[in-house]
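What's in my_file-v5.txt: compact mmCIF, C-alpha atoms
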```txt
# COMPACT_ATOMS: atom_id res chain seq x y z
CA MET A 25 -7.56 13.61 5.88
CA GLU A 26 -4.98 14.94 8.27
CA GLU A 27 -1.48 13.61 9.01
CA MET A 28 -1.19 11.12 6.15
CA ASP A 29 1.96 10.32 4.26
CA GLU A 30 1.97 9.79 0.49
CA LYS A 31 1.45 6.02 0.68
CA GLN A 32 -1.39 6.38 3.16
CA GLU A 33 -3.07 8.98 0.93
CA LEU A 34 -2.85 6.55 -1.95
CA ALA A 35 -4.33 3.73 0.15
CA TYR A 36 -7.11 6.08 1.31
CA ARG A 37 -7.91 6.91 -2.29
CA GLU A 38 -7.94 3.18 -3.14
CA TYR A 39 -10.39 2.67 -0.27
CA LEU A 40 -12.66 5.41 -1.63
CA GLU A 41 -12.43 3.84 -5.08
CA SER A 42 -13.56 0.50 -3.64
CA LEU A 43 -16.84 2.04 -2.42
CA THR A 44 -20.07 1.79 -4.41
CA VAL A 45 -21.57 4.85 -6.11
CA GLU A 46 -24.25 5.02 -3.40
CA GLU A 47 -21.65 4.85 -0.61
CA LEU A 48 -19.69 7.67 -2.23
CA GLU A 49 -22.80 9.80 -2.76
CA ALA A 50 -23.66 9.29 0.90
CA LEU A 51 -20.15 10.39 1.86
CA ASN A 52 -20.04 13.42 -0.43
CA PRO A 53 -20.85 16.70 1.40
CA GLU A 54 -21.99 18.12 -1.94
CA THR A 55 -24.77 15.58 -2.46
CA SER A 56 -28.22 17.21 -2.54
CA GLU A 57 -30.54 17.07 0.47
CA SER A 58 -33.19 15.14 -1.46
CA ARG A 59 -30.67 12.47 -2.50
CA LEU A 60 -29.36 12.18 1.07
CA ARG A 61 -32.94 11.60 2.26
CA GLU A 62 -33.28 8.77 -0.27
CA LEU A 63 -29.97 7.23 0.78
CA ALA A 64 -30.85 7.53 4.49
CA VAL A 65 -33.15 4.52 4.14
CA HIS A 66 -30.85 2.48 1.89
CA GLU A 67 -30.68 -1.24 2.67
CA ASN A 68 -26.85 -1.16 2.83
CA TYR A 69 -25.76 -0.10 6.34
CA LYS A 70 -22.54 1.42 4.95
CA VAL A 71 -24.58 3.85 2.84
CA ARG A 72 -26.71 4.81 5.86
CA ALA A 73 -23.56 5.19 8.00
CA ASN A 74 -22.07 7.64 5.52
CA VAL A 75 -25.32 9.65 5.37
CA ALA A 76 -25.39 9.72 9.18
CA ASN A 77 -21.84 11.06 9.15
CA ASN A 78 -22.36 13.60 6.33
CA ALA A 79 -22.29 17.22 7.54
CA SER A 80 -24.90 18.13 4.87
CA THR A 81 -27.48 15.63 6.13
CA PRO A 82 -30.68 17.28 7.43
CA THR A 83 -30.77 17.15 11.22
CA ASP A 84 -34.33 15.86 11.34
CA LEU A 85 -32.99 12.46 10.21
CA PHE A 86 -30.64 12.16 13.19
CA ASN A 87 -33.15 10.55 15.56
CA ASN A 88 -33.72 7.70 13.12
CA PHE A 89 -29.99 7.13 12.80
CA ALA A 90 -29.56 7.14 16.59
CA TYR A 91 -31.76 4.04 16.73
CA ASP A 92 -30.55 2.39 13.51
CA GLY A 93 -30.11 -1.37 13.75
CA HIS A 94 -26.45 -1.29 12.71
CA HIS A 95 -23.86 0.06 15.12
CA LEU A 96 -21.71 1.56 12.31
CA VAL A 97 -24.58 3.93 11.44
CA ARG A 98 -24.71 5.09 15.06
CA VAL A 99 -20.89 5.55 15.09
CA GLY A 100 -21.21 7.63 11.91
CA LEU A 101 -23.72 9.86 13.65
CA VAL A 102 -21.39 10.35 16.65
CA PHE A 103 -18.83 11.94 14.32
CA ASN A 104 -21.32 14.19 12.52
CA PRO A 105 -20.29 17.77 13.44
CA ASN A 106 -23.98 18.80 13.73
CA VAL A 107 -25.08 16.13 16.18
CA SER A 108 -26.73 17.45 19.36
CA THR A 109 -25.51 16.76 22.88
CA ASP A 110 -28.84 15.08 23.65
CA ILE A 111 -28.25 12.49 20.93
CA LEU A 112 -24.66 12.05 22.05
CA GLU A 113 -25.89 11.39 25.58
CA THR A 114 -28.20 8.70 24.23
CA LEU A 115 -25.41 7.16 22.16
CA GLY A 116 -23.11 7.31 25.17
CA LYS A 117 -25.39 4.70 26.76
CA ASP A 118 -25.56 2.50 23.66
CA ASN A 119 -25.49 -1.25 24.25
CA ILE A 120 -22.62 -1.70 21.75
CA GLU A 121 -19.18 -0.85 23.16
CA ILE A 122 -17.72 0.64 19.97
CA VAL A 123 -20.53 3.24 19.91
CA ARG A 124 -19.90 4.18 23.54
CA GLN A 125 -16.13 4.33 22.84
CA ALA A 126 -16.80 6.62 19.88
CA VAL A 127 -18.68 9.05 22.14
CA LEU A 128 -15.88 8.90 24.73
CA SER A 129 -13.27 9.55 22.02
CA LEU A 130 -14.83 12.96 21.35
CA ASP A 131 -13.44 14.14 24.70
CA SER A 132 -9.86 13.08 23.93
CA MET B 11 56.19 1.86 -28.84
CA SER B 12 55.87 2.23 -32.59
CA LYS B 13 52.58 3.35 -34.02
CA ASN B 14 53.55 2.28 -37.54
CA ASN B 15 53.67 -1.41 -36.85
CA LYS B 16 51.04 -0.98 -34.11
CA GLN B 17 53.12 -2.66 -31.46
CA GLN B 18 52.70 -1.54 -27.90
CA ILE B 19 54.47 -2.09 -24.63
CA ILE B 20 52.05 -3.15 -21.98
CA GLN B 21 52.46 -3.62 -18.26
CA TYR B 22 50.35 -5.68 -15.89
CA VAL B 23 50.54 -7.50 -12.60
CA ASN B 24 50.37 -11.26 -13.03
CA LYS B 25 48.77 -13.85 -10.76
CA LYS B 26 51.91 -14.04 -8.63
CA GLY B 27 51.86 -10.28 -8.10
CA VAL B 28 54.86 -9.70 -10.34
CA LEU B 29 54.87 -6.68 -12.64
CA VAL B 30 55.27 -7.94 -16.18
CA THR B 31 56.29 -5.82 -19.17
CA GLU B 32 55.56 -7.23 -22.59
CA LEU B 33 55.58 -6.18 -26.19
CA CYS B 34 52.15 -6.54 -27.67
CA HIS B 35 52.07 -7.50 -31.35
CA ASP B 36 48.37 -7.75 -31.87
CA PRO B 37 46.88 -4.39 -32.94
CA LEU B 38 43.39 -5.48 -32.01
CA THR B 39 44.33 -5.94 -28.41
CA CYS B 40 46.62 -2.95 -28.00
CA LYS B 41 43.85 -0.42 -28.56
CA LYS B 42 44.39 3.09 -27.23
CA HIS B 43 46.32 2.88 -24.01
CA SER B 44 49.83 1.75 -23.23
CA LYS B 45 48.63 -0.16 -20.16
CA ARG B 46 45.59 -1.67 -21.76
CA ILE B 47 44.84 -5.11 -20.46
CA ARG B 48 43.20 -6.92 -23.29
CA VAL B 49 46.21 -8.99 -24.24
CA ASN B 50 44.32 -12.20 -24.65
CA THR B 51 42.33 -11.63 -27.78
CA GLY B 52 38.98 -13.32 -27.82
CA LEU B 53 38.57 -13.54 -24.05
CA SER B 54 35.57 -11.85 -22.47
CA LEU B 55 36.03 -9.28 -19.77
CA SER B 56 34.95 -11.73 -17.08
CA GLN B 57 37.34 -14.36 -18.40
CA LEU B 58 40.15 -11.82 -18.28
CA ILE B 59 39.28 -10.93 -14.71
CA ALA B 60 39.19 -14.58 -13.73
CA GLN B 61 42.61 -15.12 -15.26
CA ASN B 62 44.23 -12.09 -13.74
CA PRO B 63 42.14 -10.23 -11.18
CA LEU B 64 44.85 -7.86 -10.02
CA LEU B 65 45.41 -6.70 -13.56
CA PHE B 66 41.77 -5.87 -13.99
CA LEU B 67 41.41 -4.13 -10.65
CA GLU B 68 44.33 -1.89 -11.52
CA GLU B 69 42.91 -0.81 -14.84
CA GLU B 70 39.23 -0.46 -14.14
CA THR B 71 37.30 2.62 -12.99
CA VAL B 72 35.22 2.35 -9.81
CA GLU B 73 32.08 2.85 -11.85
CA GLN B 74 32.93 -0.12 -14.06
CA ALA B 75 33.78 -2.22 -11.02
CA LEU B 76 30.49 -1.28 -9.38
CA ASN B 77 28.65 -2.38 -12.47
CA VAL B 78 30.28 -5.81 -12.35
CA ALA B 79 29.83 -6.14 -8.58
CA ARG B 80 26.12 -5.37 -8.88
CA PHE B 81 25.22 -7.45 -11.90
CA SER B 82 27.73 -10.27 -12.25
CA ASP B 83 26.36 -13.80 -11.98
CA SER B 84 29.81 -15.37 -11.60
CA ARG B 85 30.84 -16.36 -8.06
CA LYS B 86 34.47 -16.44 -9.16
CA GLU B 87 34.29 -12.90 -10.48
CA LEU B 88 32.50 -11.67 -7.36
CA ALA B 89 35.16 -13.29 -5.17
CA VAL B 90 37.70 -11.08 -6.95
CA TYR B 91 35.67 -7.93 -6.50
CA ALA B 92 35.18 -8.73 -2.79
CA ASN B 93 38.82 -7.61 -2.46
CA HIS B 94 38.38 -4.38 -4.39
CA ASN B 95 39.94 -1.27 -2.85
CA ASP B 96 36.70 0.68 -2.95
CA PRO B 97 34.26 -0.16 -0.11
CA GLU B 98 31.28 0.72 -2.29
CA VAL B 99 32.27 -2.05 -4.69
CA ARG B 100 32.69 -4.55 -1.83
CA ALA B 101 29.26 -3.56 -0.45
CA ALA B 102 27.77 -4.15 -3.90
CA VAL B 103 29.33 -7.63 -3.91
CA ALA B 104 27.70 -8.31 -0.53
CA GLN B 105 24.34 -7.29 -1.99
CA ASN B 106 24.71 -9.40 -5.13
CA MET B 107 22.46 -12.48 -4.84
CA THR B 108 25.06 -14.71 -6.53
CA THR B 109 27.81 -14.04 -3.97
CA SER B 110 28.72 -17.19 -2.06
CA PRO B 111 28.23 -17.61 1.74
CA LYS B 112 32.01 -17.87 2.08
CA ILE B 113 32.49 -14.41 0.58
CA ILE B 114 29.59 -13.04 2.65
CA SER B 115 31.48 -14.26 5.74
CA GLN B 116 34.62 -12.54 4.52
CA LEU B 117 32.74 -9.27 3.92
CA ALA B 118 31.04 -9.52 7.32
CA LEU B 119 34.50 -8.97 8.81
CA ASP B 120 35.35 -6.12 6.43
CA GLU B 121 37.13 -3.14 7.95
CA ASP B 122 34.52 -0.80 6.45
CA ASP B 123 31.31 -0.55 8.52
CA ILE B 124 29.03 -0.12 5.51
CA VAL B 125 30.38 -3.29 3.89
CA SER B 126 30.29 -5.34 7.08
CA SER B 127 26.79 -4.14 8.04
CA VAL B 128 25.40 -5.31 4.70
CA ALA B 129 27.03 -8.73 5.04
CA LEU B 130 26.23 -9.19 8.75
CA LYS B 131 22.51 -8.74 8.01
CA ASP B 132 22.58 -11.10 5.04
CA TYR B 133 20.60 -14.34 5.34
CA ARG B 134 23.39 -16.26 3.55
CA LEU B 135 25.73 -15.82 6.47
CA PRO B 136 26.70 -19.39 7.49
CA LYS B 137 25.56 -20.80 10.85
CA LYS B 138 29.16 -21.27 11.98
CA PHE B 139 29.68 -17.52 11.70
CA PHE B 140 26.95 -16.93 14.31
CA ARG B 141 28.62 -19.43 16.65
CA LYS B 142 32.04 -17.90 16.17
CA TYR B 143 31.09 -14.24 16.50
CA GLY B 144 28.03 -14.41 18.79
CA ASP B 145 30.07 -12.79 21.58
CA ALA B 146 31.70 -10.09 19.47
CA SER B 147 31.28 -6.31 19.76
CA ILE B 148 27.87 -4.67 20.31
CA TYR B 149 27.97 -3.60 16.67
CA VAL B 150 28.45 -7.15 15.37
CA ARG B 151 26.04 -8.72 17.87
CA SER B 152 23.27 -6.25 17.03
CA LEU B 153 23.58 -6.90 13.30
CA LEU B 154 23.65 -10.65 13.87
CA ALA B 155 20.53 -10.37 16.04
CA TYR B 156 18.79 -8.69 13.10
CA ASN B 157 19.86 -11.38 10.65
CA PRO B 158 16.93 -13.58 9.53
CA SER B 159 19.23 -16.63 9.56
CA ALA B 160 20.23 -16.06 13.19
CA PRO B 161 19.65 -19.15 15.37
CA ALA B 162 16.62 -18.90 17.71
CA LYS B 163 18.92 -19.08 20.74
CA LEU B 164 20.91 -16.05 19.56
CA ILE B 165 17.72 -13.98 19.04
CA GLU B 166 16.42 -15.04 22.45
CA ALA B 167 19.70 -14.04 24.11
CA ALA B 168 19.59 -10.75 22.20
CA SER B 169 16.10 -10.03 23.55
CA ARG B 170 17.55 -10.16 27.07
CA ALA B 171 20.70 -8.16 26.31
CA GLN B 172 21.50 -5.11 28.40
CA GLU B 173 22.36 -3.10 25.31
CA PHE B 174 19.41 -1.31 23.72
CA GLU B 175 20.84 -1.71 20.18
CA ILE B 176 20.86 -5.49 20.51
CA ARG B 177 17.29 -5.72 21.87
CA LYS B 178 16.17 -3.33 19.14
CA ALA B 179 17.72 -5.60 16.49
CA ALA B 180 15.99 -8.69 17.93
CA ALA B 181 12.64 -6.85 17.94
CA GLY B 182 13.07 -5.97 14.28
CA ASN B 183 14.04 -9.49 13.22
CA TYR B 184 11.17 -10.88 11.13
CA LYS B 185 12.14 -14.40 12.16
CA ALA B 186 11.89 -13.64 15.90
CA SER B 187 9.47 -15.97 17.68
CA SER B 188 6.22 -14.74 19.23
CA ASN B 189 7.60 -15.64 22.70
CA VAL B 190 10.67 -13.47 22.20
CA LEU B 191 8.48 -10.64 20.92
CA GLU B 192 6.15 -11.01 23.90
CA THR B 193 9.14 -10.46 26.20
CA LEU B 194 10.27 -7.45 24.16
CA SER B 195 6.75 -5.94 24.21
CA LEU B 196 7.46 -5.08 27.86
CA ASP B 197 10.77 -3.38 27.02
CA SER B 198 11.47 -0.03 28.65
CA SER B 199 12.27 1.53 25.24
CA GLU B 200 9.34 2.68 23.10
CA ILE B 201 11.53 2.16 20.03
CA VAL B 202 11.88 -1.53 20.86
CA ARG B 203 8.13 -1.81 21.59
CA SER B 204 7.32 -0.05 18.33
CA LEU B 205 9.40 -2.60 16.41
CA VAL B 206 7.57 -5.43 18.19
CA ALA B 207 4.30 -3.75 17.21
CA SER B 208 5.42 -3.74 13.55
CA ASN B 209 6.67 -7.33 13.60
CA VAL B 210 4.30 -9.73 11.82
CA ASN B 211 5.35 -12.54 14.18
CA SER B 212 3.84 -10.75 17.16
CA ASN B 213 0.71 -12.61 18.28
CA SER B 214 -2.67 -10.92 18.70
CA ALA B 215 -2.40 -10.79 22.51
CA THR B 216 0.93 -8.95 22.28
CA LEU B 217 -0.46 -6.55 19.69
CA ASP B 218 -3.58 -5.93 21.78
CA LEU B 219 -1.37 -5.06 24.76
CA LEU B 220 0.70 -2.67 22.63
CA SER B 221 -2.45 -1.03 21.23
CA LYS B 222 -2.84 0.53 24.69
CA ASP B 223 0.78 1.79 24.84
CA PRO B 224 1.15 5.42 25.96
CA TYR B 225 3.41 6.18 22.96
CA PRO B 226 1.49 7.01 19.72
CA ASN B 227 4.23 5.54 17.51
CA VAL B 228 3.79 2.15 19.18
CA ARG B 229 0.00 2.26 18.69
CA LYS B 230 0.45 3.44 15.09
CA SER B 231 2.72 0.44 14.40
CA VAL B 232 0.02 -1.91 15.75
CA MET B 233 -2.56 -0.18 13.54
CA SER B 234 -0.38 -0.83 10.47
CA ASN B 235 0.28 -4.49 11.36
CA HIS B 236 -1.97 -6.80 9.33
CA MET B 237 -1.66 -9.46 12.05
CA ALA B 238 -3.52 -7.32 14.59
CA SER B 239 -7.02 -8.62 15.37
CA GLU B 240 -10.14 -6.91 14.04
CA VAL B 241 -11.12 -5.98 17.63
CA THR B 242 -7.74 -4.30 18.20
CA ILE B 243 -7.96 -2.41 14.91
CA MET B 244 -11.53 -1.33 15.65
CA SER B 245 -10.44 0.01 19.02
CA LEU B 246 -7.52 1.92 17.44
CA SER B 247 -9.87 3.40 14.82
CA LEU B 248 -11.15 5.59 17.66
CA ASP B 249 -7.69 6.60 18.91
CA GLY B 250 -7.46 10.26 19.85
CA ASN B 251 -4.33 10.66 17.74
CA ALA B 252 -4.99 11.11 13.99
CA SER B 253 -1.56 9.73 13.11
CA VAL B 254 -2.42 6.47 14.91
CA ARG B 255 -5.80 6.24 13.19
CA ASN B 256 -4.26 6.87 9.77
CA GLY B 257 -1.93 3.93 10.33
CA ILE B 258 -4.89 1.87 9.08
CA TRP B 259 -4.11 2.98 5.52
CA SER B 260 -0.82 1.06 5.75
CA ASN B 261 -2.60 -2.10 6.97
CA GLY B 262 -3.07 -4.67 4.22
CA SER B 263 -5.67 -6.80 6.00
CA PRO B 264 -8.81 -7.37 3.89
CA ASP B 265 -11.10 -7.68 6.94
CA ILE B 266 -11.04 -4.18 8.37
CA ASP B 267 -13.46 -2.26 6.17
CA ASN B 268 -15.69 -1.16 9.05
CA ALA B 269 -12.67 0.19 10.92
CA LYS B 270 -11.59 2.02 7.75
CA ALA B 271 -15.08 3.52 7.53
CA ILE B 272 -14.81 4.74 11.14
CA VAL B 273 -11.40 6.32 10.51
CA SER B 274 -12.75 7.92 7.35
CA MET B 275 -15.71 9.34 9.31
CA GLN B 276 -13.36 11.24 11.61
CA GLY B 277 -11.28 12.91 8.90
CA GLY B 278 -12.20 15.96 6.88
CA LYS B 279 -13.97 14.87 3.71
CA ILE B 280 -12.11 15.64 0.53
CA ALA B 281 -15.16 16.63 -1.52
CA LYS B 282 -13.22 17.07 -4.74
CA THR B 283 -11.57 13.65 -4.50
CA ILE B 284 -14.92 12.00 -3.77
CA GLN B 285 -16.55 13.86 -6.67
CA ASP B 286 -13.71 12.83 -9.03
CA ILE B 287 -14.09 9.17 -8.09
CA LEU B 288 -17.88 9.38 -8.42
CA ASP B 289 -17.54 10.92 -11.88
CA SER B 290 -15.11 8.20 -13.03
CA LYS B 291 -17.44 5.45 -11.72
CA ARG B 292 -20.44 6.93 -13.51
CA ASN B 293 -18.62 7.24 -16.85
```
Rewritten as structure tokens:
Amino acid sequence: MEEMDEKQELAYREYLESLTVEELEALNPETSESRLRELAVHENYKVRANVANNASTPTDLFNNFAYDGHHLVRVGLVFNPNVSTDILETLGKDNIEIVRQAVLSLDS
Amino acid sequence: MSKNNKQQIIQYVNKKGVLVTELCHDPLTCKKHSKRIRVNTGLSLSQLIAQNPLLFLEEETVEQALNVARFSDSRKELAVYANHNDPEVRAAVAQNMTTSPKIISQLALDEDDIVSSVALKDYRLPKKFFRKYGDASIYVRSLLAYNPSAPAKLIEAASRAQEFEIRKAAAGNYKASSNVLETLSLDSSEIVRSLVASNVNSNSATLDLLSKDPYPNVRKSVMSNHMASEVTIMSLSLDGNASVRNGIWSNGSPDIDNAKAIVSMQGGKIAKTIQDILDSKRN
């Protein structure tokens, strides 16, 4: 994480430590493709959000995430470096403001 | 002085400030030095100081005096050290939690700025001091405006002061009211606004307003303030400035996990750190 002081780095690590194993696996760019596919349909929206955000997630899962029932999953997808402009256009019209704001923040 | 019969001539200044020369007969108290002060066998160091402060101050090293000033739990002893020649010792007296309000008042008027600044910010400063010196120099007024024991009227007046230093002090006062902070949130100085944004007495409307401030430091202060609403924090989690977003890691609120997830999603993943934590959880 960029621009963090020592205390913030410690708090960030504490945050990571508070996550479940599944949430961490979903966040980890080194998690295998097969495991990410399993986690993509996890009942916990935080796990799905991390998979949606993971740069190693297969792109064929993106459409499902774009229509996920929880807005945090859609926000996670916005910040995935491999997301297409088509999907971003769709998310830019999302009915939840925080998702639309996330798309707008990419321009700033 | 004769070493054979272990008598020693000693000199000290008595309570009336008169230099006294005496012949010491007690070998236990004469010890090594001709000007040694332990004449009164059996008395503790603090008892000796209480009996004859000037004597002690003359004989003691600054390091020893600092030690007493920092750790003494005797108001009488601290009152003596409040008059010590070394400003560092006097500042230590001002910081000692046992020091009386009367001595804090005395130190607030100390000629040394470091000593007076410590005392002027101290919550033990009596109310009458604020009344008496509320119109003093900018230096004194700004430190009084920062004091948590400052009367509400003084803080309110400080928030409207022309001098930036005084408004800044009021904005940083953790006893400032939300109304005062609301006024200061519109201040022309971003430093003042940033202090309002950090102040836990700022209400959610004030913090929401400051979350849209053009200065990143102001927004970052809002992000770190645990009194900011979840909506405000969520909005700042998408701030274009990484330093503002990372302010969330200094926010102690337990209800901002989704915002933390969003901030985390925008940073580079530290694969090794995540793997380390995963490994420790699995073991």
Mind listing as a ChimeraX atom specification which residues of chain A are within 10 Å of chain B, counting all atoms listed in the file? /A:25-29,31-49,51-55,70,73-74,76-79,96-97,99-105,121-123,125-132
Tell me which protein, DNA and RNA residues are within 9 Å of B:Thr216, counting only C-alpha atoms, leaving out same-chain ones fewer than 6 positions away, and put them as a PDB file with C-alpha atoms, keeping the file's coordinate frame.
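Generated output (result_29.pdb):
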```
ATOM      1  CA  SER B 188       6.220 -14.740  19.230  1.00  0.00           C
ATOM      2  CA  LEU B 191       8.480 -10.640  20.920  1.00  0.00           C
ATOM      3  CA  GLU B 192       6.150 -11.010  23.900  1.00  0.00           C
ATOM      4  CA  SER B 195       6.750  -5.940  24.210  1.00  0.00           C
ATOM      5  CA  VAL B 206       7.570  -5.430  18.190  1.00  0.00           C
ATOM      6  CA  ALA B 207       4.300  -3.750  17.210  1.00  0.00           C
TER       7      ALA B 207
END
```
Find the residues around stretch 107-119 of chain B up to 9 Å (all atoms listed in the file counted), leave out those fewer than 5 positions away in its own chain, and share them as a ChimeraX atom specification.
/B:80,82-86,88-89,92-93,100-101,125-132,134-136,139,150
One decimal place gives the atom CA of A:Asn88-atom CA of A:Val107 separation as 12.5 Å
* Asked: So how far away is atom CA of A:Asn119 from atom CA of A:Glu67, in Å?
  ->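 For atom CA of A:Glu67 relative to atom CA of A:Asn119, the distance reads 22.2 Å.
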For the point (-27.5, 0.5, 9.4) in file coordinates, what residues are within 9 Å, counting all atoms listed in the file? Give the answer as a VMD selection string?
chain A and resid 65 to 73 89 92 to 98
> What separation in Å, quoted to one decimal, exists between atom CA of B:His236 and atom CA of B:Leu205?
Replying inline: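 Those two atoms sit 14.0 Å apart.
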Check: Residues around (6.8, -2.2, 19.2), cut-off 9 Å, counting all atoms listed in the file - what are they as a PyMOL selection string?
Finding: chain B and resi 181-182+191+194-195+197+199-209+217+220+227-229+231-232
With all atoms listed in the file as the counted atoms, please give the residues lying no more than 9 Å from A:Arg61, apart from itself and same-chain residues fewer than 3 positions off, as a tab-separated table (two decimals) with C-alpha atoms, in the coordinates of the input.
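Resulting contents of selection05.tsv:
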```
chain	number	residue	atom	x	y	z
A	56	SER	CA	-28.22	17.21	-2.54
A	57	GLU	CA	-30.54	17.07	0.47
A	58	SER	CA	-33.19	15.14	-1.46
A	64	ALA	CA	-30.85	7.53	4.49
A	65	VAL	CA	-33.15	4.52	4.14
A	75	VAL	CA	-25.32	9.65	5.37
A	81	THR	CA	-27.48	15.63	6.13
A	82	PRO	CA	-30.68	17.28	7.43
A	85	LEU	CA	-32.99	12.46	10.21
```
Quiz prompt | Nearest candidate to A:Thr109 (options A:Glu62, A:Ser80, A:Phe86, A:Ala50; using all atoms listed in the file) | solution =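 Of the candidates, the smallest distance to A:Thr109 is held by A:Phe86.
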